[in-house]
Each structure stands twice: as structure tokens, then as C-alpha cells.
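File shown: upload04.cif. Contents: mmCIF, C-alpha atoms and all ligand atoms.
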```cif
data_start
loop_
_atom_site.label_atom_id
_atom_site.label_comp_id
_atom_site.auth_asym_id
_atom_site.auth_seq_id
_atom_site.Cartn_x
_atom_site.Cartn_y
_atom_site.Cartn_z
CA MET A 1 55.28 32.46 14.22
CA LEU A 2 57.55 29.57 15.21
CA SER A 3 55.96 29.35 18.63
CA LYS A 4 52.48 29.26 17.08
CA LEU A 5 53.67 26.45 14.87
CA SER A 6 55.12 24.34 17.66
CA GLU A 7 51.97 24.88 19.69
CA ALA A 8 49.89 23.65 16.76
CA GLU A 9 52.27 20.70 16.33
CA LYS A 10 51.83 19.73 19.99
CA GLU A 11 48.08 19.95 19.74
CA ILE A 12 47.88 17.92 16.56
CA ASN A 13 49.98 15.20 18.18
CA SER A 14 48.00 15.00 21.37
CA ILE A 15 44.44 15.56 20.20
CA THR A 16 42.12 12.52 20.27
CA ILE A 17 39.51 12.17 17.59
CA ALA A 18 36.70 9.75 18.42
CA ASN A 19 34.16 10.16 15.66
CA LYS A 20 33.29 11.74 12.31
CA GLU A 21 32.16 14.96 13.90
CA GLU A 22 35.39 15.51 15.79
CA LEU A 23 37.31 14.63 12.67
CA GLU A 24 35.46 17.29 10.72
CA ASN A 25 36.18 19.84 13.47
CA PHE A 26 39.86 18.90 13.27
CA ARG A 27 39.84 19.39 9.50
CA LEU A 28 38.14 22.78 9.76
CA ARG A 29 40.50 23.92 12.46
CA PHE A 30 43.80 22.91 10.91
CA ILE A 31 43.60 21.80 7.30
CA SER A 32 40.72 23.60 5.60
CA ARG A 33 41.13 26.70 3.48
CA ASN A 34 40.18 28.90 6.45
CA GLY A 35 42.04 26.75 8.94
CA LEU A 36 45.02 27.65 11.05
CA LEU A 37 47.68 26.28 8.73
CA SER A 38 46.36 28.17 5.68
CA LYS A 39 46.42 31.34 7.71
CA LEU A 40 50.00 30.70 8.73
CA PHE A 41 50.91 30.10 5.11
CA ASP A 42 49.37 33.49 4.31
CA GLU A 43 51.42 35.08 7.06
CA LEU A 44 54.57 33.61 5.59
CA LYS A 45 54.86 36.53 3.25
CA ASN A 46 55.35 38.86 6.22
CA VAL A 47 58.25 36.85 7.56
CA SER A 48 61.80 38.12 7.04
CA LYS A 49 63.91 36.61 4.31
CA ASP A 50 66.30 34.94 6.77
CA GLU A 51 63.57 33.25 8.74
CA LYS A 52 61.50 32.18 5.74
CA PRO A 53 63.32 28.89 4.90
CA VAL A 54 63.20 27.67 8.50
CA ILE A 55 59.61 28.67 9.14
CA GLY A 56 58.50 27.47 5.69
CA LYS A 57 60.05 24.10 6.31
CA LYS A 58 58.42 23.80 9.73
CA LEU A 59 55.08 24.89 8.32
CA ASN A 60 55.23 22.15 5.68
CA GLU A 61 56.11 19.56 8.32
CA VAL A 62 53.19 20.54 10.54
CA LYS A 63 50.84 20.57 7.55
CA LYS A 64 51.98 17.09 6.60
CA LEU A 65 51.52 15.91 10.18
CA ALA A 66 47.95 17.26 10.27
CA GLU A 67 47.07 15.70 6.92
CA GLU A 68 48.48 12.33 7.90
CA LYS A 69 46.64 12.32 11.18
CA TYR A 70 43.44 13.30 9.35
CA SER A 71 43.65 10.51 6.78
CA SER A 72 44.66 7.76 9.21
CA VAL A 73 41.88 8.63 11.68
CA LYS A 74 39.42 8.89 8.79
CA GLN A 75 40.35 5.43 7.59
CA SER A 76 39.96 3.80 10.98
CA ILE A 77 36.61 5.49 11.59
CA GLU A 78 35.36 4.28 8.19
CA GLU A 79 36.49 0.73 8.85
CA SER A 80 34.86 0.41 12.22
CA GLY A 81 31.85 2.35 10.98
CA SER A 82 31.17 -0.07 8.13
CA LYS A 83 31.29 -2.99 10.54
CA ALA A 84 28.84 -1.30 12.84
CA GLU A 85 26.49 -0.62 9.94
CA GLU A 86 26.34 -4.32 9.01
CA ILE A 87 24.72 -5.23 12.30
CA ASP A 88 21.33 -3.63 12.49
CA LEU A 89 19.86 -4.88 15.74
CA THR A 90 16.41 -3.64 14.83
CA LEU A 91 16.06 -6.03 11.87
CA PRO A 92 13.88 -9.08 12.43
CA GLY A 93 15.80 -12.37 12.73
CA ARG A 94 16.59 -14.23 9.55
CA ASN A 95 14.87 -17.58 9.28
CA PHE A 96 17.00 -20.40 7.96
CA SER A 97 15.56 -23.80 7.33
CA ILE A 98 17.42 -27.00 8.02
CA GLY A 99 17.12 -29.96 5.69
CA ARG A 100 15.44 -33.08 6.94
CA GLN A 101 15.14 -36.67 5.93
CA HIS A 102 12.35 -37.59 3.57
CA ILE A 103 9.45 -39.26 5.38
CA LEU A 104 10.07 -42.50 3.49
CA ILE A 105 13.69 -42.60 4.61
CA GLN A 106 12.62 -41.83 8.18
CA THR A 107 10.14 -44.71 8.06
CA LEU A 108 12.70 -47.01 6.47
CA ASN A 109 15.33 -46.16 9.08
CA GLU A 110 12.91 -46.75 11.92
CA PHE A 111 12.03 -50.10 10.39
CA VAL A 112 15.63 -51.15 9.82
CA LYS A 113 16.70 -50.04 13.31
CA ILE A 114 14.25 -52.43 14.96
CA PHE A 115 15.62 -55.37 12.99
CA ARG A 116 19.25 -54.41 13.42
CA GLU A 117 18.79 -54.45 17.16
CA ILE A 118 17.89 -58.14 16.97
CA GLY A 119 20.81 -59.13 14.78
CA PHE A 120 19.69 -58.55 11.19
CA LYS A 121 22.31 -57.17 8.83
CA VAL A 122 21.40 -54.59 6.17
CA THR A 123 22.17 -55.82 2.65
CA GLU A 124 21.53 -54.11 -0.66
CA GLY A 125 21.46 -55.12 -4.31
CA PRO A 126 21.06 -53.63 -7.80
CA GLU A 127 17.81 -52.09 -9.03
CA LEU A 128 18.54 -53.18 -12.59
CA GLU A 129 18.46 -56.91 -11.97
CA GLU A 130 19.03 -60.07 -13.97
CA GLU A 131 15.88 -62.07 -14.57
CA PHE A 132 17.66 -65.02 -13.01
CA TYR A 133 17.82 -63.35 -9.56
CA ASN A 134 14.45 -61.64 -9.79
CA PHE A 135 12.53 -64.72 -11.01
CA ASP A 136 14.27 -67.99 -11.97
CA ALA A 137 16.18 -68.53 -8.74
CA LEU A 138 13.02 -67.61 -6.83
CA ASN A 139 11.14 -70.61 -8.16
CA THR A 140 9.54 -68.52 -10.91
CA PRO A 141 10.85 -69.90 -14.23
CA GLU A 142 9.91 -68.37 -17.57
CA HIS A 143 6.25 -68.94 -18.51
CA HIS A 144 5.42 -69.65 -14.88
CA PRO A 145 2.02 -68.04 -14.32
CA ALA A 146 3.31 -66.36 -11.16
CA ARG A 147 5.39 -64.00 -13.30
CA ASP A 148 2.16 -62.30 -14.21
CA LEU A 149 1.58 -61.43 -10.56
CA GLN A 150 4.09 -58.65 -10.90
CA ASP A 151 3.86 -56.32 -13.87
CA THR A 152 7.46 -56.30 -14.90
CA PHE A 153 9.51 -53.69 -16.72
CA TYR A 154 11.66 -55.76 -19.06
CA ILE A 155 14.87 -54.10 -20.22
CA GLN A 156 16.35 -54.64 -23.67
CA ASN A 157 19.91 -55.88 -23.50
CA LYS A 158 21.65 -55.42 -26.82
CA PHE A 159 25.14 -56.21 -25.58
CA ASP A 160 25.04 -59.54 -23.82
CA LYS A 161 22.41 -61.87 -25.26
CA THR A 162 22.97 -64.45 -22.54
CA LYS A 163 21.52 -62.22 -19.83
CA LYS A 164 18.04 -60.81 -19.51
CA TYR A 165 17.42 -57.76 -17.37
CA VAL A 166 14.41 -56.33 -15.56
CA LEU A 167 13.88 -53.48 -13.14
CA ARG A 168 13.57 -55.56 -10.02
CA THR A 169 9.94 -56.11 -9.06
CA HIS A 170 10.78 -56.88 -5.44
CA THR A 171 13.82 -56.93 -3.14
CA SER A 172 13.79 -60.74 -2.98
CA PRO A 173 16.65 -61.04 -5.54
CA VAL A 174 18.94 -59.64 -2.84
CA GLN A 175 18.19 -62.79 -0.84
CA VAL A 176 19.36 -64.92 -3.74
CA ARG A 177 22.55 -62.91 -4.19
CA THR A 178 23.29 -63.08 -0.48
CA MET A 179 22.68 -66.83 -0.24
CA LEU A 180 24.85 -67.51 -3.29
CA ALA A 181 27.71 -65.58 -1.71
CA ASN A 182 27.40 -66.82 1.89
CA LYS A 183 26.82 -69.95 3.91
CA PRO A 184 24.05 -70.11 6.56
CA PRO A 185 23.25 -68.84 9.10
CA ILE A 186 21.94 -65.79 7.26
CA ARG A 187 19.95 -63.06 8.90
CA ILE A 188 19.48 -60.06 6.61
CA ILE A 189 17.19 -57.18 5.92
CA CYS A 190 17.13 -55.71 2.38
CA PRO A 191 15.63 -52.26 1.90
CA GLY A 192 15.32 -50.68 -1.54
CA LYS A 193 13.41 -49.42 -4.56
CA VAL A 194 11.30 -51.78 -6.63
CA PHE A 195 9.44 -51.19 -9.90
CA ARG A 196 6.16 -52.44 -11.31
CA ASN A 197 4.40 -51.45 -14.48
CA GLU A 198 1.22 -50.35 -12.77
CA THR A 199 -1.22 -47.61 -13.63
CA VAL A 200 -0.52 -44.60 -11.44
CA THR A 201 -3.36 -43.99 -8.99
CA PRO A 202 -3.55 -42.55 -5.46
CA LYS A 203 -2.72 -46.05 -4.19
CA ASN A 204 -0.25 -47.30 -6.83
CA TYR A 205 2.91 -45.98 -8.38
CA PHE A 206 5.34 -47.59 -10.82
CA MET A 207 8.09 -47.43 -8.19
CA PHE A 208 7.99 -47.96 -4.45
CA HIS A 209 10.15 -49.17 -1.57
CA GLN A 210 10.24 -52.55 0.05
CA VAL A 211 12.04 -54.08 2.95
CA GLU A 212 12.62 -57.76 2.76
CA GLY A 213 13.84 -59.98 5.58
CA LEU A 214 15.47 -63.40 5.40
CA TYR A 215 16.61 -65.82 8.06
CA VAL A 216 18.17 -69.16 7.15
CA ASP A 217 19.62 -71.66 9.59
CA LYS A 218 19.05 -75.18 10.87
CA ASN A 219 15.61 -75.71 12.43
CA VAL A 220 14.06 -72.37 11.57
CA SER A 221 10.30 -72.68 11.80
CA MET A 222 7.13 -70.74 11.11
CA ARG A 223 7.00 -70.10 14.84
CA ASP A 224 10.24 -68.10 14.62
CA LEU A 225 8.74 -66.09 11.77
CA LYS A 226 5.63 -65.30 13.75
CA GLY A 227 7.71 -64.41 16.80
CA VAL A 228 9.95 -61.95 14.99
CA ILE A 229 7.06 -60.37 13.09
CA SER A 230 4.97 -59.80 16.21
CA TYR A 231 8.03 -58.38 17.97
CA PHE A 232 8.54 -55.92 15.10
CA VAL A 233 4.89 -54.97 14.87
CA LYS A 234 4.66 -54.21 18.59
CA LYS A 235 7.81 -52.07 18.44
CA PHE A 236 6.73 -50.22 15.33
CA TYR A 237 2.99 -49.76 15.87
CA GLY A 238 2.65 -50.12 19.64
CA GLU A 239 2.50 -52.84 22.29
CA ASN A 240 -1.18 -53.65 21.78
CA THR A 241 -0.88 -54.46 18.09
CA LYS A 242 -1.72 -58.04 17.18
CA THR A 243 -0.57 -59.98 14.11
CA ARG A 244 -2.39 -62.54 12.01
CA PHE A 245 -1.25 -64.71 9.11
CA ILE A 246 -3.70 -65.42 6.30
CA PRO A 247 -2.86 -68.25 3.85
CA SER A 248 -1.52 -66.78 0.64
CA PHE A 249 0.71 -67.60 -2.30
CA PHE A 250 4.22 -66.63 -3.33
CA PRO A 251 6.25 -68.91 -5.60
CA PHE A 252 9.35 -68.58 -3.42
CA THR A 253 7.75 -69.46 -0.08
CA GLU A 254 5.78 -72.48 1.11
CA PRO A 255 3.66 -72.11 3.12
CA SER A 256 3.02 -68.45 2.36
CA ALA A 257 1.03 -65.94 4.32
CA GLN A 258 -0.40 -62.48 4.04
CA LEU A 259 0.65 -60.39 6.99
CA ASP A 260 -2.10 -58.48 8.81
CA ILE A 261 -2.01 -56.35 11.93
CA THR A 262 -4.82 -55.01 14.08
CA CYS A 263 -5.68 -51.52 12.91
CA PHE A 264 -3.59 -49.12 15.00
CA ILE A 265 -6.12 -46.35 14.55
CA CYS A 266 -9.20 -48.07 15.99
CA GLU A 267 -7.25 -50.90 17.68
CA GLY A 268 -9.35 -53.53 15.91
CA LYS A 269 -12.79 -52.04 16.48
CA GLY A 270 -13.31 -51.03 12.87
CA CYS A 271 -12.81 -47.61 11.25
CA LYS A 272 -12.29 -45.90 7.89
CA THR A 273 -8.59 -46.79 7.65
CA CYS A 274 -9.22 -50.53 8.04
CA LYS A 275 -12.52 -50.37 6.14
CA ASP A 276 -14.34 -51.60 9.24
CA THR A 277 -12.48 -54.90 9.29
CA GLY A 278 -10.25 -54.09 12.25
CA TRP A 279 -7.25 -55.41 10.29
CA LEU A 280 -4.65 -53.93 7.96
CA GLU A 281 -2.49 -55.81 5.48
CA ILE A 282 1.19 -54.83 5.79
CA GLY A 283 3.04 -57.42 3.71
CA GLY A 284 3.72 -61.02 2.79
CA CYS A 285 5.82 -63.78 4.28
CA GLY A 286 6.46 -67.51 4.38
CA MET A 287 8.96 -70.34 4.70
CA VAL A 288 11.63 -70.33 1.98
CA HIS A 289 10.68 -72.79 -0.78
CA PRO A 290 13.03 -75.82 -1.11
CA ASN A 291 13.50 -74.96 -4.80
CA VAL A 292 15.00 -71.60 -3.83
CA PHE A 293 17.52 -73.38 -1.61
CA LYS A 294 18.36 -75.77 -4.46
CA ALA A 295 18.93 -72.81 -6.82
CA VAL A 296 21.52 -71.31 -4.47
CA GLY A 297 23.16 -74.64 -3.58
CA TYR A 298 21.79 -75.09 -0.04
CA ASP A 299 20.54 -78.50 1.05
CA PRO A 300 16.81 -78.11 1.83
CA GLU A 301 17.03 -81.16 4.10
CA GLU A 302 19.59 -79.41 6.24
CA TYR A 303 18.39 -75.83 6.24
CA THR A 304 15.09 -74.06 6.58
CA GLY A 305 14.34 -70.37 6.62
CA TYR A 306 11.71 -67.70 6.58
CA ALA A 307 11.30 -64.57 4.48
CA PHE A 308 9.01 -61.59 4.67
CA GLY A 309 8.49 -58.43 2.65
CA MET A 310 6.73 -55.16 3.38
CA GLY A 311 6.06 -51.98 1.43
CA ILE A 312 7.41 -48.82 3.04
CA GLU A 313 5.01 -46.42 1.31
CA ARG A 314 2.05 -48.47 2.47
CA ILE A 315 3.33 -48.53 6.03
CA ALA A 316 3.99 -44.77 6.06
CA MET A 317 0.62 -43.98 4.42
CA MET A 318 -1.23 -45.94 7.06
CA LYS A 319 0.83 -44.59 9.93
CA TYR A 320 0.53 -40.91 8.96
CA GLY A 321 -2.85 -40.98 7.19
CA ILE A 322 -1.39 -40.06 3.79
CA LYS A 323 -4.08 -40.46 1.16
CA ASP A 324 -2.08 -40.26 -2.08
CA ILE A 325 1.14 -42.17 -2.77
CA ARG A 326 2.22 -39.59 -5.37
CA LEU A 327 2.81 -37.03 -2.62
CA PHE A 328 5.98 -38.90 -1.66
CA TYR A 329 7.65 -38.17 -4.98
CA GLN A 330 6.52 -34.63 -5.80
CA ASN A 331 9.05 -32.90 -3.55
CA ASP A 332 6.47 -30.39 -2.40
CA VAL A 333 7.88 -28.84 0.77
CA ARG A 334 4.39 -28.16 2.09
CA PHE A 335 4.02 -31.94 2.28
CA LEU A 336 7.58 -32.81 3.31
CA ASP A 337 7.72 -30.15 6.05
CA GLN A 338 5.02 -31.94 8.01
CA PHE A 339 7.25 -34.81 9.02
N1 LIG B 401 8.57 -60.34 -2.58
C1 LIG B 401 7.19 -60.41 -2.25
C2 LIG B 401 6.44 -59.30 -2.98
O1 LIG B 401 7.02 -58.34 -3.34
C3 LIG B 401 6.95 -60.24 -0.77
C4 LIG B 401 7.46 -61.41 -0.01
C5 LIG B 401 8.74 -61.43 0.44
C6 LIG B 401 6.65 -62.47 0.24
C7 LIG B 401 9.23 -62.50 1.14
C8 LIG B 401 7.12 -63.55 0.93
C9 LIG B 401 8.40 -63.57 1.37
O2 LIG B 401 5.28 -59.43 -3.20
#
```
In C-alpha cells, what does this structure look like?
Amino acid sequence: MLSKLSEAEKEINSITIANKEELENFRLRFISRNGLLSKLFDELKNVSKDEKPVIGKKLNEVKKLAEEKYSSVKQSIEESGSKAEEIDLTLPGRNFSIGRQHILIQTLNEFVKIFREIGFKVTEGPELEEEFYNFDALNTPEHHPARDLQDTFYIQNKFDKTKKYVLRTHTSPVQVRTMLANKPPIRIICPGKVFRNETVTPKNYFMFHQVEGLYVDKNVSMRDLKGVISYFVKKFYGENTKTRFIPSFFPFTEPSAQLDITCFICEGKGCKTCKDTGWLEIGGCGMVHPNVFKAVGYDPEEYTGYAFGMGIERIAMMKYGIKDIRLFYQNDVRFLDQF
């Protein structure tokens, strides 16, 4: 009996169990009701009284050994088994989508990058703006007919009666703020949201994005303006794009011009996008009005400057053939995913 026990002990110690099946065989052989150890327990009653304590003790030890081995191997098989189950190599790959920049931001960044490379600094200002910066300082005093050019959202100010607020109708107030805080030379680009109380249509929305540029120094001329605009236009739309200035009116510039480029779709031949004219309007520009310089404390005899402004939505719509401005703001991934 003792020899059988020590044989079993040796075997239990040395046996290797690699998987669930072998573990079950081990259980059946040693631990189960019909296993070896149960049989030996049964045989215990045939053992002499003197031997019983010794053999009984040994039997219990071997049983414990077998049970411990069983449970520790079982645990490690379960652990590694559950890991293996997590990775099912037959499953199709999981698609995960990466976020991307909104097409308007992409267009804006492309725009700003071109100007930064030639020394323009990006400057920003508030969207809720004082009337003074949005109009008065830009040569547009109250009751000036030019205020009607931009349908303004006026904001009630119950707290400070000395200040009147609007949602800025253009990014030009950033020019005023920058000039008030700095001395020339100034070379800035101001991107941002602007608001106009317009009826929503495929072409108009009550909010859109503008980029405004301003350069002030001694001896800045219209020629510099034309030079920098044609440089930008060639970079942005392609080397063959031409620029033309058409006389226009803005209260804060004199002379003022509408900014046209040759249609980049038909290259000036005439198509649907340019309505057969060969030209597309992309913004406005001009030489800073002396009254604007006076409002910010610059001497108009000493300094001159140019300014220009362009709408980002308009530029992106023309570039990508987007027919409805509202698509930009609906957050429909079917639209956004295309860019
Ligand atoms: N601020 C003008 C607008 O929104 C555009 C502009 C900017 C025109 C600078 C001339 C100079 O209409």
C-alpha cells in the first residue's frame, strides 16, 4: 500500500498537463470517485491497526497534492484559454474612422499658410464686437448709409449704456484693434466668423467666415496690394490664374476694388461656374481710408496701407463645386467625409 502511494506521489509530481483534456484524464485517474486515490481510501479498511495512522496520513497528503496540482493547472489553463479566445483571427478587421478637419478649416488653414509664408501674422478678435470697432472707427458713423450695406445683428446691452454691441459683420474691426494697440509697420491676417442678418438660401447664411488682410507702412501703394493678391491667387488657385480689380465701394478704403480672378474651372473661357463671364468674384480690397488712420491715431500723411477681405465659404464652394452653403454647418458625415 505504501509503495503504491509513493509511486502515485512520484507520478503526480512529475506528470505534465498541457490542456483541458489531459487535465480531465488526470482528474479521472487520481481524484475522481473511481480514481486511484478513492480506491486506496477504500482499501484502508483492510490495513492493520498499527499501519493505519501512517498510511492514512500519507494517503491524505497524496490526495492533497493531487488536488492542488489539479486546481493550479486548471487555473492556468483557464487564464491562457480566455486570452486565446479573445483573438479570433477569422473575424473581419474592425474599421475605425479617424477624425478630420472640417473643410472650412482646411481651406482657411491653406489660405493663412500662404500669407504667413510672406510675413503676415495671424490676429484674432471678438465675435461680439463694439459698434465703434465694427463701424465708427471704419469710417462708418451712425446714420451713414453704408451701414445698410451689411444687415447687422444689433445686441441689446442692458449693463453698460455707453457701449453698443453688434455681432461683427466683418473681420475688419480686428484691423482697428490691432492698429490701436500697435505702431506700423503692421502686416496681419485676421480669420474668423462674421454674422449678417440675411435670409438663408443656398448661397447665403446668417454666419460665415472671412479672412481679412492689412498692411500698413510708409509708402505702401495699390501696386503692393495687386502684387500680394496675385501672388496669393496663383498659389491658391494655380499659376495660370489672373487677377483683376473692378472699381467698388467700401467706406473704409479709398480707392476700393472688387477682387476677381479668372475662372479656375474653364480658365477664363466661360462655363457654368463663372456664368460664362470667365471671371469669379472672390472678395473686396482697397487702400485704407485716411479717416480710419485718424480714428486709430496714425498720421495719414506719413502712413498708407492696403486691406482686403475674402469669404472662406465662397472660396471653398467655388473650389470644390459645393452648391449649397448650408452643407457646411449640418455636420452630415456623408458631406464632410468627402474632403
Ligand atoms: N470688410 C469688407 C466686407 O466684409 C471686405 C473688405 C475688407 C473690403 C478689406 C475692403 C478691404 O465686405
Dump as CSV the rows for residues of chain A within 9 Å of ligand LIG 401 (chain B): closest atom pair and distance in Å with one decimal, only C-alpha atoms and all ligand atoms counted, ordered by chain and rising residue number.
```
residue,atom,partner,partner_atom,distance
A:Leu149,CA,B:LIG401,O2,8.5
A:Gln150,CA,B:LIG401,O2,7.8
A:Thr169,CA,B:LIG401,O1,6.8
A:His170,CA,B:LIG401,O1,4.5
A:Thr171,CA,B:LIG401,N1,6.3
A:Ser172,CA,B:LIG401,N1,5.3
A:Pro173,CA,B:LIG401,N1,8.6
A:Val194,CA,B:LIG401,O1,8.5
A:Gln210,CA,B:LIG401,O1,7.4
A:Val211,CA,B:LIG401,C5,8.4
A:Glu212,CA,B:LIG401,C5,5.8
A:Gly213,CA,B:LIG401,C7,6.9
A:Leu214,CA,B:LIG401,C7,7.6
A:Phe249,CA,B:LIG401,C8,8.2
A:Phe250,CA,B:LIG401,C6,6.0
A:Pro251,CA,B:LIG401,C8,8.5
A:Phe252,CA,B:LIG401,C9,7.0
A:Thr253,CA,B:LIG401,C8,6.0
A:Ser256,CA,B:LIG401,C8,6.5
A:Ala257,CA,B:LIG401,C8,7.4
A:Gln258,CA,B:LIG401,C6,8.0
A:Gly283,CA,B:LIG401,C3,6.6
A:Gly284,CA,B:LIG401,C6,4.1
A:Cys285,CA,B:LIG401,C8,3.6
A:Gly286,CA,B:LIG401,C8,5.3
A:Met287,CA,B:LIG401,C9,7.6
A:Val288,CA,B:LIG401,C9,7.5
A:Tyr306,CA,B:LIG401,C9,7.4
A:Ala307,CA,B:LIG401,C9,4.4
A:Phe308,CA,B:LIG401,C7,3.7
A:Gly309,CA,B:LIG401,C5,3.7
A:Met310,CA,B:LIG401,C3,6.6
A:Gly311,CA,B:LIG401,O1,8.0
```
Could those residues be written to a file, using C-alpha atoms, as a PDB file, in the coordinates of the input?
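In the end it all went to again20.pdb:
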```
ATOM      1  CA  LEU A 149       1.580 -61.430 -10.560  1.00  0.00           C
ATOM      2  CA  GLN A 150       4.090 -58.650 -10.900  1.00  0.00           C
ATOM      3  CA  THR A 169       9.940 -56.110  -9.060  1.00  0.00           C
ATOM      4  CA  HIS A 170      10.780 -56.880  -5.440  1.00  0.00           C
ATOM      5  CA  THR A 171      13.820 -56.930  -3.140  1.00  0.00           C
ATOM      6  CA  SER A 172      13.790 -60.740  -2.980  1.00  0.00           C
ATOM      7  CA  PRO A 173      16.650 -61.040  -5.540  1.00  0.00           C
ATOM      8  CA  VAL A 194      11.300 -51.780  -6.630  1.00  0.00           C
ATOM      9  CA  GLN A 210      10.240 -52.550   0.050  1.00  0.00           C
ATOM     10  CA  VAL A 211      12.040 -54.080   2.950  1.00  0.00           C
ATOM     11  CA  GLU A 212      12.620 -57.760   2.760  1.00  0.00           C
ATOM     12  CA  GLY A 213      13.840 -59.980   5.580  1.00  0.00           C
ATOM     13  CA  LEU A 214      15.470 -63.400   5.400  1.00  0.00           C
ATOM     14  CA  PHE A 249       0.710 -67.600  -2.300  1.00  0.00           C
ATOM     15  CA  PHE A 250       4.220 -66.630  -3.330  1.00  0.00           C
ATOM     16  CA  PRO A 251       6.250 -68.910  -5.600  1.00  0.00           C
ATOM     17  CA  PHE A 252       9.350 -68.580  -3.420  1.00  0.00           C
ATOM     18  CA  THR A 253       7.750 -69.460  -0.080  1.00  0.00           C
ATOM     19  CA  SER A 256       3.020 -68.450   2.360  1.00  0.00           C
ATOM     20  CA  ALA A 257       1.030 -65.940   4.320  1.00  0.00           C
ATOM     21  CA  GLN A 258      -0.400 -62.480   4.040  1.00  0.00           C
ATOM     22  CA  GLY A 283       3.040 -57.420   3.710  1.00  0.00           C
ATOM     23  CA  GLY A 284       3.720 -61.020   2.790  1.00  0.00           C
ATOM     24  CA  CYS A 285       5.820 -63.780   4.280  1.00  0.00           C
ATOM     25  CA  GLY A 286       6.460 -67.510   4.380  1.00  0.00           C
ATOM     26  CA  MET A 287       8.960 -70.340   4.700  1.00  0.00           C
ATOM     27  CA  VAL A 288      11.630 -70.330   1.980  1.00  0.00           C
ATOM     28  CA  TYR A 306      11.710 -67.700   6.580  1.00  0.00           C
ATOM     29  CA  ALA A 307      11.300 -64.570   4.480  1.00  0.00           C
ATOM     30  CA  PHE A 308       9.010 -61.590   4.670  1.00  0.00           C
ATOM     31  CA  GLY A 309       8.490 -58.430   2.650  1.00  0.00           C
ATOM     32  CA  MET A 310       6.730 -55.160   3.380  1.00  0.00           C
ATOM     33  CA  GLY A 311       6.060 -51.980   1.430  1.00  0.00           C
TER      34      GLY A 311
END
```
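For the pair CA of Phe208 (chain A) and CA of Pro126 (chain A), the separation is 14.6 Å.
Between CA of Pro255 (chain A) and CA of Thr241 (chain A) the interatomic distance comes to 23.6 Å.
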request  = Choose the residue, out of A:Lys45, A:Lys242, A:Lys323, A:Arg223, that has the smallest atom-to-atom separation from Gly268 (chain A); count all atoms listed in the file.
outcome  =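 Smallest distance to Gly268 (chain A) is found for A:Lys242.
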note = Computed gap from CA of Lys272 (chain A) to CA of Gly227 (chain A) is 28.7 Å
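Every protein, DNA or RNA residue with an atom at most 7 Å from Glu129 (chain A), where all atoms listed in the file count and chain neighbours fewer than 5 positions away do not, is listed here: Asn134, Tyr165, Val166, Leu167 and Arg168 of chain A.
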Expected file contents, prior selection, C-alpha atoms, as a CSV table (one decimal), in the coordinates of the input:
```
chain,number,residue,atom,x,y,z
A,134,ASN,CA,14.4,-61.6,-9.8
A,165,TYR,CA,17.4,-57.8,-17.4
A,166,VAL,CA,14.4,-56.3,-15.6
A,167,LEU,CA,13.9,-53.5,-13.1
A,168,ARG,CA,13.6,-55.6,-10.0
```
task = Pick out the closest residue to Glu302 (chain A) from this set: A:Asn240, A:Pro247, A:Asn219, A:Gly192. Count all atoms listed in the file.
result = A:Asn219
inquiry  = Calculated over only C-alpha atoms, which of the candidates A:Val200, A:Ile322, A:Leu65, A:Leu59 has the smallest distance to Leu37 (chain A)?
reply    = A:Leu59
task = Name the closest residue to Asp337 (chain A) among the candidates A:Asn95, A:Gln101, A:Asn60, A:Ser14; distances are taken between atoms, counting only C-alpha atoms.
result =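 Once distances to Asp337 (chain A) are computed over only C-alpha atoms, the minimum belongs to A:Gln101.
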ask   = From the set A:Met318, A:Val333, A:Ile114, A:Val54, which residue has the shortest atom-to-atom contact distance to Lys234 (chain A), counting all atoms listed in the file?
value = A:Ile114
Since the input is missing atoms for region 264-268 of chain A, could you rebuild it with all heavy atoms and give the result as an mmCIF file, in the frame of the given file?
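Generated output (rebuild_36.cif):
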```cif
data_model
loop_
_atom_site.group_PDB
_atom_site.id
_atom_site.type_symbol
_atom_site.label_atom_id
_atom_site.label_comp_id
_atom_site.auth_asym_id
_atom_site.auth_seq_id
_atom_site.Cartn_x
_atom_site.Cartn_y
_atom_site.Cartn_z
ATOM 1 N N PHE A 264 -4.147 -49.894 13.873
ATOM 2 C CA PHE A 264 -3.590 -49.120 15.000
ATOM 3 C C PHE A 264 -4.362 -47.843 15.244
ATOM 4 O O PHE A 264 -4.116 -47.132 16.206
ATOM 5 C CB PHE A 264 -2.103 -48.818 14.768
ATOM 6 C CG PHE A 264 -1.861 -48.191 13.434
ATOM 7 C CD1 PHE A 264 -1.914 -46.820 13.283
ATOM 8 C CD2 PHE A 264 -1.595 -48.988 12.335
ATOM 9 C CE1 PHE A 264 -1.713 -46.247 12.050
ATOM 10 C CE2 PHE A 264 -1.388 -48.414 11.092
ATOM 11 C CZ PHE A 264 -1.459 -47.041 10.949
ATOM 12 N N ILE A 265 -5.299 -47.549 14.347
ATOM 13 C CA ILE A 265 -6.120 -46.350 14.550
ATOM 14 C C ILE A 265 -7.269 -46.682 15.503
ATOM 15 O O ILE A 265 -7.480 -46.027 16.511
ATOM 16 C CB ILE A 265 -6.659 -45.812 13.212
ATOM 17 C CG1 ILE A 265 -5.474 -45.593 12.266
ATOM 18 C CG2 ILE A 265 -7.560 -44.597 13.411
ATOM 19 C CD1 ILE A 265 -5.247 -44.241 11.704
ATOM 20 N N CYS A 266 -8.019 -47.742 15.161
ATOM 21 C CA CYS A 266 -9.200 -48.070 15.990
ATOM 22 C C CYS A 266 -8.898 -49.247 16.923
ATOM 23 O O CYS A 266 -9.776 -49.690 17.672
ATOM 24 C CB CYS A 266 -10.369 -48.412 15.087
ATOM 25 S SG CYS A 266 -10.048 -49.873 14.073
ATOM 26 N N GLU A 267 -7.672 -49.753 16.882
ATOM 27 C CA GLU A 267 -7.250 -50.900 17.680
ATOM 28 C C GLU A 267 -8.172 -52.111 17.482
ATOM 29 O O GLU A 267 -8.502 -52.833 18.424
ATOM 30 C CB GLU A 267 -7.150 -50.531 19.162
ATOM 31 C CG GLU A 267 -6.074 -49.464 19.358
ATOM 32 C CD GLU A 267 -5.684 -49.258 20.800
ATOM 33 O OE1 GLU A 267 -6.533 -49.451 21.686
ATOM 34 O OE2 GLU A 267 -4.514 -48.903 21.032
ATOM 35 N N GLY A 268 -8.599 -52.316 16.232
ATOM 36 C CA GLY A 268 -9.350 -53.530 15.910
ATOM 37 C C GLY A 268 -10.855 -53.373 15.935
ATOM 38 O O GLY A 268 -11.581 -54.299 15.595
#
```
